Amino acid sequence: MGSSVESGTQDCFRGFAMLLPALLFSGLVCGVVAQDGPSMSTEEKAQIREQVLEMFDHAYGSYMKYAYPADELMPLSCRGRVRGLEPNRGDIDDSLGKFSLTLIDTLDTLVLLNRLEEFEEAVKKTVKDVRLDNDIVVSVFETNIRVLGGLLGAHVMADLLKQRGERMQWYRDELLHMAKDLGYRLLPAFNTTSGLPYPRVNLRYGVVNPLSRTGTETDTCTACAGTMILEFAALSRLSGVSVFEEHARKALDVLWEKRQRGSDLMGTVINIHNGDWVRRDSGVGAGIDSYYEYLMKAYILLGDNVYLERFNTHYSAIMKYISQPPLLLNVHMHNPTVNVRSWMDSLLAFFPGLQVLRGDLKPAIETHEMLYQVTKQHKFLPEAFTTEFRVHWGQHPLRPEFAESTYFLYKATGDPYYLKVGQSIVEKLNTHARVPCGFAAVQDVRTGTHEDRMDSFFLAEMFKYLYLLFSEKSHLPFDIDDYIFTTEAHLLPVSLSTAQPPCEGNNTDQHTAQEEDLFTHSCPSAQTLFPNNPSFAKTIRDGYKYLTGVGRAPHGPSVRGIELPLHDTGIEPLEFLKSMGISLTPLTDMAARSVSKSQDSQKGVYRVKLVAEVSHTPEEDEVVPLIVQLISPPFLGRTVLTAGPAKFGMDLTKQEHGVKGSIVKSVPYTACGHIENTLQLQGHIALALRGDCMFAAKARRLQEAGAIGIIFIDQREDSSSAETPLFQMVGDGESTEDITVPLVFLFSREGAVLTAALQEHHNVDVLLLPKERQLGKEKSEKLNIKFRLAKEGELEENEADSTTIRLVLEGDVDPEAEPETSEVVPPTICDAASAGVEHQEPCTVEQKDPESTS
C-alpha cells in the first residue's frame, strides 16, 4: 500500500502504473472507519443499486425507444435531437455529429451494469448503422472523449467478453476499426503551426478544404487541446499506428512550454497558431479541468514519468494559489494573488476525485463537503455559484462530476457517509429530474423548471459512478482495478503501459521539477493519512457542515463587538475583509443568537460593524431589466422583448433615449472568430449567439467591426425570461473599460422572435433601453366602457349630457333584447386614443357628439 517507484527504473514504473488503481481502490479503505451516523447495511446498498439499474433502464430505454438513431434524446418532447432539424443551440450542438452519440457513449456502461445482452445488440447496431463520414462540423474535444473514447471502451469490453467465450464470438474488432477511422478524421485538426488542434473539424472534409465550413478559428481552450492523450494513445497502442499518440503528445508539450514560468499556472484559452494566451485566468473548472486530469491519468495509463512530473508541478501551483479551502477560485496566471472572479463553476466538482488519485485527501474532503452543502441548498449543483453559495448560473444539465468525486472519496476512505451522499444524488435525480421519457436537465435550480435535453454523458458517466458506489467487486463483470476512467468515464486497460515504450524526446525540463513529497511516486496509505485517528475525515467535514447555512444549529458561538472603519476603495467589502482573514456572519444571524456575558471573553471572535457606507456586493445588486423594442413597421413598438444587462459596456440606464439601430446577424454567428461581415455591421446593432467564447471577447470583436450595440441570444433551447431569472453578463477577468457599446441578453424564446422578424422583414429597427422607459408605456392605461343597448330616444337624463359611443352592429339585431353590460379592456377590442391606449387593430367604434344616441 505504501510501496514506491524509483523514477529512473522504467520497468518498475510501468508496473506501478498498473498497480496504482488497485492500491487506491482496494487498499485505502483499510483502517478508516470515520463515520457520520450508522453504516449502510448490505440490504440497503443492494436496494439502492437496483434503483440505479432501474433508473438506467428508464433513461437508456427511453433513448432507444424515442430517439435512436438520433444523437440525443429530448426527454420532454419524447423524440430524438437531430442537428439541423432543431433550433441551433450554438456550441452545445458541436457534440452532435449524426453518429448516434448517446448509443456509442453508453456502450461500456451496459457492460459495467451487467446488461450484456443489450450490449451485444447495441454493438451490432453501432457497426451496422453508424456512419462517421457525415458532412458536419463537430467539436474535436467532444468527439474525442465521447465517440472515440466510447468506441475504444466498447472495443475493450467486446474483446474481453469474446475472450471469455461467453458472448461476442462474431466480433472481429469492428469497433476498433471504426475508432481508427474516426481518429484519422480528427487528425486534420492538428494541422497548425503550433501543433495545438483546431477546436472543430468537418468529419468529411477536414479543416482546410473549402467545403469544410471551419478552419477560421484562432483560439481553443486548454482542456480542448490537452484532453486528447488518453484516447489517442490508447488508439495508437491498440491499433499499432503511432501517429495519434504523437500528435496528442505534441499538443501537451506545447501547452507545457506555454505555462507561466513564474507561477507554473496555465491560462484558459490559447491561440492555436502562435501559442499566445487569450484568456489568462487560471482555475480547475471549465476550459482547463481535464488538462490536469489527463496529465495524472496519462502517467497511470501509459507509464511515462514525464506526465507525473508535469502534474506535480501544476498541482503545487494550484494548491498554492487556486485552492482556498474549501473554495477553488480562479486567479490571474501572471498575478496569481489576485482572484479574477467571485464565483465557481460546477465542472470543478471533479477535482476532489483527482486529489484522491494524488493522495491529497484533506483538501478533497473539504471541497467535496462544500459542494455537498451547495447541493443540499439548491438540490443540484448550479452551473455556477458565488463564493457566498448563491446561484450565479442556475442550469444543471445532469452533470456527473460530483458523483464521480463521491465515488472516489468513498473508495479512498471507506466512510459510509459518502454512501449517504450518493443516496441523496439518486433521490434528487428521481424526484426532480425524472420525466416519463427519461431524465431532463434542470433549466434553473431555483425554479425547478426542466430543459428538453438529456446529454449523452448522463448515461456514460452518472450511472457508472452511482452503480460502482453501491457495488462490491463480486457484483461487477470484470475487475475494475484493471482499468482507468477517461474524463467521459470510458474504461481503458492500464496494461496499455506495457504495450510500447513512450515516445522519444518527451521530457520535462529538469529545472522545473518540484520537491518530491511522500506521495510523489506512491499511493497514499490510510494509516499515513489518518494516523491513529479514525475520526480524522469526519473532523475535516464538521468544519464545513453549515457552510451554506442549511441545517445550521439555532445557537452559535458568542461574540463581542468592535467597530471596523472601512473606506470604499472599490474592493467589494466582503472580499476585502476575507483578504484580512476576517470571517463574516450576517447580522440577521447575529441578532438571532443569544449573547452570554460569561462568554464575552472568547478570544478571536468579534461582532464587526462596518462604520463607513460601502457598496453592495455584486451578487446583491438588483438586476435592472432591459428591453429590445421593435420600432420599425409593421411592429411600431408593439413587440417588446425582455432582456438582461451586462456588468460592462454602456450603461443604458444613463441613456435618456436608449440606443436605436437596425439589427444585423454577426458572421460567424457566435462572434468567436474573425468577423466576416464588418461592412454590414458598421453602424448597426449586432446579433450574436451565446457560447464558444466569453461575452467580452465577442463584444470586442463586434465593437471593432463597427457595431453600435450588441444583442446576445441564448443558445439553450426554449429558455425564456418568464421561466428563468435575468442575470448580468460578466467580463472575462480582464479590464473591460475598452468596451463602450451597449450589451443586452435575450433568452432563446425572445431571441427567436427577433430572428424570425429579421428573416421575414430583412430590415428591422430596434430600441435598446431600460424596461421602465419602454416607448409608449407611459401612455398605456386601461379603459372600462359600459355598454347598454337602447332604442333612439331612450337615453337616460344624465347620459344625454355626456359623450357617448355608438356601436355599428352588423347583421340582424333584436332591439327588444335584454340590455346587457360588458367590460372592455382596450386595445383588444378597440382604439380609444383619447384615453392613451396604444393602437393595435382597427375596430367599428365611432364617437358622436353629446346630442347623439347609443
# chains A, B, ... in the order shown; residues from 1 in each chain; ligands from 1
>>> closest_atom_pairs(of="segment 372-460 of chain A", to="segment 534-545 of chain A", cutoff="9 Å", atoms="only C-alpha atoms", output="Markdown table")
| residue | atom | partner | partner_atom | distance |
| --- | --- | --- | --- | --- |
| A:Gln373 | CA | A:Lys545 | CA | 7.1 |
| A:Thr413 | CA | A:Ala537 | CA | 8.1 |
| A:Asp415 | CA | A:Ala537 | CA | 8.4 |
| A:Tyr417 | CA | A:Lys538 | CA | 8.9 |
>>> residues_around(residues="segment 376-391 of chain A", least_positions_apart="5", cutoff="7 Å", atoms="only C-alpha atoms", output="VMD selection string")
chain A and resid 342 to 346 396 428 445 to 446 548 550
>>> write_last_selection(atoms="N, CA, C and O atoms", output="PDB file, in the first residue's frame")
ATOM      1  N   SER A 342     -15.615  36.067  -8.483  1.00  0.00           N
ATOM      2  CA  SER A 342     -16.118  35.668  -7.171  1.00  0.00           C
ATOM      3  C   SER A 342     -17.134  34.537  -7.278  1.00  0.00           C
ATOM      4  O   SER A 342     -18.034  34.429  -6.460  1.00  0.00           O
ATOM      5  N   TRP A 343     -16.980  33.693  -8.308  1.00  0.00           N
ATOM      6  CA  TRP A 343     -17.877  32.555  -8.448  1.00  0.00           C
ATOM      7  C   TRP A 343     -17.099  31.356  -8.984  1.00  0.00           C
ATOM      8  O   TRP A 343     -15.995  31.501  -9.504  1.00  0.00           O
ATOM      9  N   MET A 344     -17.678  30.190  -8.815  1.00  0.00           N
ATOM     10  CA  MET A 344     -17.068  28.934  -9.243  1.00  0.00           C
ATOM     11  C   MET A 344     -18.047  28.206 -10.150  1.00  0.00           C
ATOM     12  O   MET A 344     -19.261  28.366 -10.008  1.00  0.00           O
ATOM     13  N   ASP A 345     -17.524  27.399 -11.086  1.00  0.00           N
ATOM     14  CA  ASP A 345     -18.416  26.632 -11.945  1.00  0.00           C
ATOM     15  C   ASP A 345     -18.445  25.174 -11.512  1.00  0.00           C
ATOM     16  O   ASP A 345     -17.525  24.688 -10.844  1.00  0.00           O
ATOM     17  N   SER A 346     -19.504  24.480 -11.891  1.00  0.00           N
ATOM     18  CA  SER A 346     -19.753  23.139 -11.369  1.00  0.00           C
ATOM     19  C   SER A 346     -18.766  22.101 -11.872  1.00  0.00           C
ATOM     20  O   SER A 346     -18.617  21.046 -11.262  1.00  0.00           O
ATOM     21  N   HIS A 396     -28.616  23.130 -14.559  1.00  0.00           N
ATOM     22  CA  HIS A 396     -27.948  21.897 -14.136  1.00  0.00           C
ATOM     23  C   HIS A 396     -28.240  20.819 -15.179  1.00  0.00           C
ATOM     24  O   HIS A 396     -29.316  20.223 -15.174  1.00  0.00           O
ATOM     25  N   LYS A 428     -32.559  12.721  -5.520  1.00  0.00           N
ATOM     26  CA  LYS A 428     -32.844  14.006  -6.170  1.00  0.00           C
ATOM     27  C   LYS A 428     -33.042  13.843  -7.672  1.00  0.00           C
ATOM     28  O   LYS A 428     -33.872  14.530  -8.271  1.00  0.00           O
ATOM     29  N   VAL A 445     -32.142  25.790 -11.129  1.00  0.00           N
ATOM     30  CA  VAL A 445     -32.317  25.090  -9.857  1.00  0.00           C
ATOM     31  C   VAL A 445     -33.195  25.880  -8.893  1.00  0.00           C
ATOM     32  O   VAL A 445     -33.723  25.322  -7.928  1.00  0.00           O
ATOM     33  N   ARG A 446     -33.353  27.184  -9.139  1.00  0.00           N
ATOM     34  CA  ARG A 446     -34.185  27.995  -8.252  1.00  0.00           C
ATOM     35  C   ARG A 446     -35.667  27.764  -8.496  1.00  0.00           C
ATOM     36  O   ARG A 446     -36.481  27.885  -7.573  1.00  0.00           O
ATOM     37  N   THR A 548     -23.248  26.709   4.107  1.00  0.00           N
ATOM     38  CA  THR A 548     -24.236  27.497   3.372  1.00  0.00           C
ATOM     39  C   THR A 548     -25.395  27.955   4.235  1.00  0.00           C
ATOM     40  O   THR A 548     -26.302  28.632   3.752  1.00  0.00           O
ATOM     41  N   VAL A 550     -27.560  25.889   5.616  1.00  0.00           N
ATOM     42  CA  VAL A 550     -28.580  24.854   5.652  1.00  0.00           C
ATOM     43  C   VAL A 550     -28.337  23.945   6.847  1.00  0.00           C
ATOM     44  O   VAL A 550     -27.237  23.426   7.020  1.00  0.00           O
TER      45      VAL A 550
END
>>> closest_residue(among="A:Phe350, A:Phe635, A:Tyr66, A:Phe648", to="Leu754 of chain A", atoms="only C-alpha atoms")
A:Phe635
>>> residues_around(residues="segment 177-183 of chain A", least_positions_apart="5", cutoff="7 Å", atoms="only C-alpha atoms", output="ChimeraX atom specification")
/A:132,148,151-152,235
>>> write_last_selection(atoms="N, CA, C and O atoms", output="PDB file, in the first residue's frame")
ATOM      1  N   LEU A 132     -19.505   7.623 -39.887  1.00  0.00           N
ATOM      2  CA  LEU A 132     -18.588   8.619 -39.340  1.00  0.00           C
ATOM      3  C   LEU A 132     -18.098   9.602 -40.396  1.00  0.00           C
ATOM      4  O   LEU A 132     -17.243  10.439 -40.108  1.00  0.00           O
ATOM      5  N   LEU A 148     -14.824   8.698 -29.825  1.00  0.00           N
ATOM      6  CA  LEU A 148     -13.615   7.879 -29.908  1.00  0.00           C
ATOM      7  C   LEU A 148     -13.412   7.110 -28.605  1.00  0.00           C
ATOM      8  O   LEU A 148     -13.143   5.899 -28.623  1.00  0.00           O
ATOM      9  N   LEU A 151     -16.009   4.285 -28.459  1.00  0.00           N
ATOM     10  CA  LEU A 151     -15.684   3.156 -29.334  1.00  0.00           C
ATOM     11  C   LEU A 151     -14.544   2.320 -28.756  1.00  0.00           C
ATOM     12  O   LEU A 151     -14.585   1.079 -28.794  1.00  0.00           O
ATOM     13  N   LEU A 152     -13.524   2.992 -28.205  1.00  0.00           N
ATOM     14  CA  LEU A 152     -12.389   2.261 -27.642  1.00  0.00           C
ATOM     15  C   LEU A 152     -12.795   1.471 -26.398  1.00  0.00           C
ATOM     16  O   LEU A 152     -12.424   0.300 -26.235  1.00  0.00           O
ATOM     17  N   LEU A 235      -5.636   4.486 -28.793  1.00  0.00           N
ATOM     18  CA  LEU A 235      -5.866   4.108 -30.191  1.00  0.00           C
ATOM     19  C   LEU A 235      -4.563   3.667 -30.845  1.00  0.00           C
ATOM     20  O   LEU A 235      -4.524   2.658 -31.567  1.00  0.00           O
TER      21      LEU A 235
END
>>> residues_around(residues="segment 112-118 of chain A", least_positions_apart="4", cutoff="10 Å", atoms="only C-alpha atoms", output="list in words")
Arg49, Val52, Leu53, Phe56, Asp57, Leu107, Asp108, Ala122, Val123, Lys124, Met157, Ala158, Leu161, Arg167, Met168, Phe463, Lys464, Tyr467, Leu468, His475, Leu476, Pro477, Phe478, Ile480 and Leu491 of chain A
>>> select_by_dssp(residues="segment 644-778 of chain A", states="helix (DSSP H, G or I)", output="VMD selection string")
chain A and resid 652 to 654 678 to 681 695 to 704 748 to 761 771 to 773 777 to 778
>>> write_last_selection(atoms="N, CA, C and O atoms", output="compact mmCIF listing (two decimals), in the first residue's frame")
# COMPACT_ATOMS: atom_id res chain seq x y z
N LEU A 652 -27.15 51.52 -20.07
CA LEU A 652 -28.37 52.01 -20.72
C LEU A 652 -29.27 52.78 -19.76
O LEU A 652 -30.11 53.56 -20.20
N THR A 653 -29.12 52.55 -18.46
CA THR A 653 -29.96 53.29 -17.51
C THR A 653 -29.60 54.77 -17.47
O THR A 653 -30.36 55.58 -16.96
N LYS A 654 -28.43 55.11 -18.01
CA LYS A 654 -27.99 56.51 -18.02
C LYS A 654 -28.19 57.16 -19.39
O LYS A 654 -27.76 58.29 -19.61
N THR A 678 -18.01 42.79 -41.61
CA THR A 678 -17.79 44.08 -40.93
C THR A 678 -18.50 45.23 -41.66
O THR A 678 -19.00 46.15 -41.00
N LEU A 679 -18.55 45.20 -42.98
CA LEU A 679 -19.20 46.29 -43.71
C LEU A 679 -20.69 46.36 -43.37
O LEU A 679 -21.25 47.44 -43.21
N GLN A 680 -21.33 45.20 -43.26
CA GLN A 680 -22.75 45.19 -42.94
C GLN A 680 -23.01 45.59 -41.49
O GLN A 680 -24.08 46.13 -41.17
N LEU A 681 -22.06 45.32 -40.61
CA LEU A 681 -22.26 45.60 -39.18
C LEU A 681 -22.05 47.07 -38.82
O LEU A 681 -22.56 47.53 -37.80
N PHE A 695 -18.44 36.59 -23.32
CA PHE A 695 -19.20 37.74 -23.80
C PHE A 695 -18.26 38.90 -24.16
O PHE A 695 -18.45 39.59 -25.16
N ALA A 696 -17.26 39.13 -23.31
CA ALA A 696 -16.36 40.26 -23.53
C ALA A 696 -15.58 40.10 -24.84
O ALA A 696 -15.36 41.07 -25.57
N ALA A 697 -15.15 38.87 -25.14
CA ALA A 697 -14.40 38.64 -26.39
C ALA A 697 -15.28 38.92 -27.60
O ALA A 697 -14.85 39.54 -28.59
N LYS A 698 -16.54 38.47 -27.54
CA LYS A 698 -17.46 38.75 -28.63
C LYS A 698 -17.67 40.25 -28.78
O LYS A 698 -17.68 40.79 -29.89
N ALA A 699 -17.88 40.91 -27.63
CA ALA A 699 -18.17 42.35 -27.67
C ALA A 699 -17.02 43.13 -28.29
O ALA A 699 -17.24 44.06 -29.08
N ARG A 700 -15.79 42.77 -27.95
CA ARG A 700 -14.63 43.49 -28.51
C ARG A 700 -14.57 43.32 -30.03
O ARG A 700 -14.34 44.29 -30.76
N ARG A 701 -14.78 42.09 -30.49
CA ARG A 701 -14.72 41.86 -31.94
C ARG A 701 -15.80 42.64 -32.67
O ARG A 701 -15.55 43.27 -33.70
N LEU A 702 -17.00 42.61 -32.15
CA LEU A 702 -18.11 43.27 -32.83
C LEU A 702 -18.00 44.79 -32.73
O LEU A 702 -18.36 45.51 -33.67
N GLN A 703 -17.49 45.27 -31.61
CA GLN A 703 -17.27 46.71 -31.49
C GLN A 703 -16.21 47.18 -32.47
O GLN A 703 -16.36 48.22 -33.14
N GLU A 704 -15.15 46.39 -32.61
CA GLU A 704 -14.11 46.72 -33.57
C GLU A 704 -14.64 46.67 -35.01
O GLU A 704 -14.17 47.39 -35.89
N SER A 748 -33.63 32.35 -25.38
CA SER A 748 -33.82 31.84 -26.74
C SER A 748 -35.23 32.08 -27.28
O SER A 748 -35.39 32.31 -28.49
N ARG A 749 -36.24 32.04 -26.44
CA ARG A 749 -37.59 32.28 -26.96
C ARG A 749 -37.74 33.71 -27.46
O ARG A 749 -38.28 33.94 -28.55
N GLU A 750 -37.27 34.67 -26.67
CA GLU A 750 -37.32 36.06 -27.11
C GLU A 750 -36.42 36.27 -28.32
O GLU A 750 -36.76 37.01 -29.24
N GLY A 751 -35.26 35.60 -28.30
CA GLY A 751 -34.35 35.71 -29.45
C GLY A 751 -34.96 35.17 -30.72
O GLY A 751 -34.73 35.71 -31.82
N ALA A 752 -35.76 34.11 -30.60
CA ALA A 752 -36.40 33.53 -31.78
C ALA A 752 -37.39 34.52 -32.41
O ALA A 752 -37.53 34.57 -33.64
N VAL A 753 -38.06 35.30 -31.57
CA VAL A 753 -38.97 36.33 -32.09
C VAL A 753 -38.20 37.35 -32.92
O VAL A 753 -38.61 37.74 -34.02
N LEU A 754 -37.04 37.74 -32.39
CA LEU A 754 -36.24 38.75 -33.07
C LEU A 754 -35.66 38.22 -34.38
O LEU A 754 -35.72 38.89 -35.42
N THR A 755 -35.11 37.03 -34.35
CA THR A 755 -34.51 36.48 -35.58
C THR A 755 -35.57 36.16 -36.63
O THR A 755 -35.32 36.30 -37.83
N ALA A 756 -36.77 35.74 -36.19
CA ALA A 756 -37.85 35.50 -37.14
C ALA A 756 -38.28 36.80 -37.81
O ALA A 756 -38.56 36.83 -39.02
N ALA A 757 -38.32 37.88 -37.03
CA ALA A 757 -38.67 39.19 -37.60
C ALA A 757 -37.64 39.62 -38.63
O ALA A 757 -37.98 40.14 -39.70
N LEU A 758 -36.36 39.38 -38.33
CA LEU A 758 -35.30 39.77 -39.25
C LEU A 758 -35.37 38.94 -40.54
O LEU A 758 -35.18 39.47 -41.64
N GLN A 759 -35.67 37.66 -40.40
CA GLN A 759 -35.74 36.79 -41.56
C GLN A 759 -36.90 37.18 -42.47
O GLN A 759 -36.80 37.14 -43.70
N GLU A 760 -38.02 37.62 -41.87
CA GLU A 760 -39.20 37.94 -42.66
C GLU A 760 -39.14 39.33 -43.28
O GLU A 760 -39.54 39.54 -44.42
N HIS A 761 -38.61 40.32 -42.51
CA HIS A 761 -38.68 41.71 -42.97
C HIS A 761 -37.33 42.28 -43.39
O HIS A 761 -37.28 43.38 -43.93
N LYS A 771 -36.44 48.73 -19.17
CA LYS A 771 -37.84 48.36 -19.31
C LYS A 771 -38.77 49.46 -18.82
O LYS A 771 -39.85 49.67 -19.38
N GLU A 772 -38.34 50.17 -17.79
CA GLU A 772 -39.20 51.21 -17.22
C GLU A 772 -39.39 52.39 -18.17
O GLU A 772 -40.30 53.19 -17.99
N ARG A 773 -38.52 52.49 -19.20
CA ARG A 773 -38.65 53.60 -20.15
C ARG A 773 -39.21 53.13 -21.49
O ARG A 773 -38.99 53.77 -22.52
N LYS A 777 -45.07 53.28 -23.16
CA LYS A 777 -45.60 52.65 -21.96
C LYS A 777 -46.34 53.64 -21.07
O LYS A 777 -47.37 53.33 -20.49
N GLU A 778 -45.80 54.89 -20.99
CA GLU A 778 -46.41 55.85 -20.08
C GLU A 778 -47.79 56.30 -20.55
O GLU A 778 -48.55 56.86 -19.78
>>> residues_around(residues="Thr109 of chain A", least_positions_apart="6", cutoff="9 Å", atoms="only C-alpha atoms", output="short mmCIF file (atom, residue, chain, number, x, y, z; two decimals) with all heavy atoms, in the first residue's frame")
data_model
loop_
_atom_site.label_atom_id
_atom_site.label_comp_id
_atom_site.auth_asym_id
_atom_site.auth_seq_id
_atom_site.Cartn_x
_atom_site.Cartn_y
_atom_site.Cartn_z
N ARG A 115 -25.56 -5.44 -18.28
CA ARG A 115 -26.56 -5.50 -19.33
C ARG A 115 -25.89 -6.05 -20.59
O ARG A 115 -25.72 -5.35 -21.60
CB ARG A 115 -27.18 -4.12 -19.58
CG ARG A 115 -27.92 -3.55 -18.37
CD ARG A 115 -29.12 -4.42 -18.04
NE ARG A 115 -30.05 -3.82 -17.11
CZ ARG A 115 -30.20 -4.21 -15.85
NH1 ARG A 115 -29.43 -5.19 -15.38
NH2 ARG A 115 -31.10 -3.65 -15.06
N PHE A 119 -25.79 -4.96 -24.51
CA PHE A 119 -24.51 -4.50 -25.06
C PHE A 119 -24.25 -5.14 -26.42
O PHE A 119 -23.89 -4.45 -27.39
CB PHE A 119 -23.37 -4.84 -24.10
CG PHE A 119 -22.00 -4.62 -24.68
CD1 PHE A 119 -21.50 -3.34 -24.86
CD2 PHE A 119 -21.20 -5.69 -25.05
CE1 PHE A 119 -20.24 -3.13 -25.40
CE2 PHE A 119 -19.93 -5.49 -25.59
CZ PHE A 119 -19.46 -4.20 -25.76
N ALA A 154 -15.76 0.40 -25.66
CA ALA A 154 -16.62 -0.70 -26.08
C ALA A 154 -15.82 -1.82 -26.73
O ALA A 154 -16.12 -3.01 -26.55
CB ALA A 154 -17.69 -0.17 -27.04
N LEU A 459 -25.66 9.14 -19.33
CA LEU A 459 -25.63 7.69 -19.41
C LEU A 459 -24.20 7.14 -19.36
O LEU A 459 -23.96 6.06 -18.83
CB LEU A 459 -26.31 7.22 -20.69
CG LEU A 459 -27.85 7.34 -20.71
CD1 LEU A 459 -28.38 7.26 -22.12
CD2 LEU A 459 -28.47 6.26 -19.84
N ALA A 460 -23.26 7.89 -19.90
CA ALA A 460 -21.87 7.41 -19.95
C ALA A 460 -21.21 7.44 -18.59
O ALA A 460 -20.39 6.57 -18.27
CB ALA A 460 -21.07 8.27 -20.94
N GLU A 461 -21.55 8.44 -17.77
CA GLU A 461 -20.81 8.65 -16.53
C GLU A 461 -21.63 8.45 -15.26
O GLU A 461 -21.21 7.74 -14.35
CB GLU A 461 -20.22 10.06 -16.53
CG GLU A 461 -19.27 10.36 -17.68
CD GLU A 461 -18.69 11.76 -17.59
OE1 GLU A 461 -17.92 12.01 -16.64
OE2 GLU A 461 -19.00 12.60 -18.44
N PHE A 463 -24.32 6.92 -14.28
CA PHE A 463 -24.74 5.60 -13.81
C PHE A 463 -23.56 4.69 -13.50
O PHE A 463 -23.68 3.78 -12.68
CB PHE A 463 -25.69 4.97 -14.83
CG PHE A 463 -27.01 5.69 -14.90
CD1 PHE A 463 -27.32 6.50 -15.98
CD2 PHE A 463 -27.93 5.58 -13.87
CE1 PHE A 463 -28.53 7.17 -16.05
CE2 PHE A 463 -29.14 6.24 -13.92
CZ PHE A 463 -29.44 7.05 -15.00
N LYS A 464 -22.43 4.90 -14.15
CA LYS A 464 -21.23 4.13 -13.78
C LYS A 464 -20.83 4.42 -12.34
O LYS A 464 -20.63 3.51 -11.53
CB LYS A 464 -20.06 4.49 -14.70
CG LYS A 464 -20.07 3.82 -16.07
CD LYS A 464 -18.70 3.96 -16.72
CE LYS A 464 -18.68 3.39 -18.13
NZ LYS A 464 -19.10 4.35 -19.15
N ALA A 489 -15.52 8.85 -18.48
CA ALA A 489 -15.74 7.59 -17.74
C ALA A 489 -15.70 6.37 -18.64
O ALA A 489 -16.29 5.33 -18.31
CB ALA A 489 -17.04 7.63 -16.94
N HIS A 490 -15.02 6.46 -19.79
CA HIS A 490 -14.81 5.25 -20.58
C HIS A 490 -13.62 4.48 -20.00
O HIS A 490 -12.71 5.08 -19.42
CB HIS A 490 -14.60 5.61 -22.05
CG HIS A 490 -15.84 6.16 -22.68
ND1 HIS A 490 -17.03 5.48 -22.67
CD2 HIS A 490 -16.08 7.34 -23.32
CE1 HIS A 490 -17.95 6.21 -23.26
NE2 HIS A 490 -17.41 7.34 -23.67
#
>>> residues_around(residues="Asp219 of chain A", least_positions_apart="2", cutoff="7 Å", atoms="only C-alpha atoms", output="ChimeraX atom specification")
/A:217,221,269-272
>>> closest_atom_pairs(of="segment 227-255 of chain A", to="segment 193-214 of chain A", cutoff="12 Å", atoms="only C-alpha atoms", output="tab-separated table")
residue	atom	partner	partner_atom	distance
A:Thr227	CA	A:Pro197	CA	10.8
A:Met228	CA	A:Pro197	CA	9.8
A:Glu246	CA	A:Gly195	CA	10.4
A:His247	CA	A:Gly195	CA	7.4
A:Ala248	CA	A:Leu196	CA	8.7
A:Arg249	CA	A:Gly195	CA	9.6
A:Lys250	CA	A:Gly195	CA	6.3
A:Ala251	CA	A:Leu196	CA	5.0
A:Leu252	CA	A:Leu196	CA	8.3
A:Asp253	CA	A:Gly195	CA	9.1
A:Val254	CA	A:Gly195	CA	7.2
A:Leu255	CA	A:Leu196	CA	8.1
>>> atom_distance(atom1="atom CA of Tyr299 of chain A", atom2="atom CA of Val494 of chain A")
10.1 Å
>>> closest_residue(among="A:Thr216, A:Asn88, A:Asn274, A:Thr736", to="Ile713 of chain A", atoms="only C-alpha atoms")
A:Asn88
>>> closest_atom_pairs(of="segment 87-114 of chain A", to="segment 658-672 of chain A", cutoff="12 Å", atoms="only C-alpha atoms", output="CSV")
residue,atom,partner,partner_atom,distance
A:Asn88,CA,A:Tyr669,CA,10.7
A:Arg89,CA,A:Thr670,CA,10.5
A:Gly90,CA,A:Thr670,CA,7.2
A:Asp91,CA,A:Thr670,CA,8.4
A:Ile92,CA,A:Thr670,CA,11.8
>>> closest_residue(among="A:Gly691, A:Met729, A:Met64, A:Gly275", to="Gln715 of chain A", atoms="only C-alpha atoms")
A:Gly691
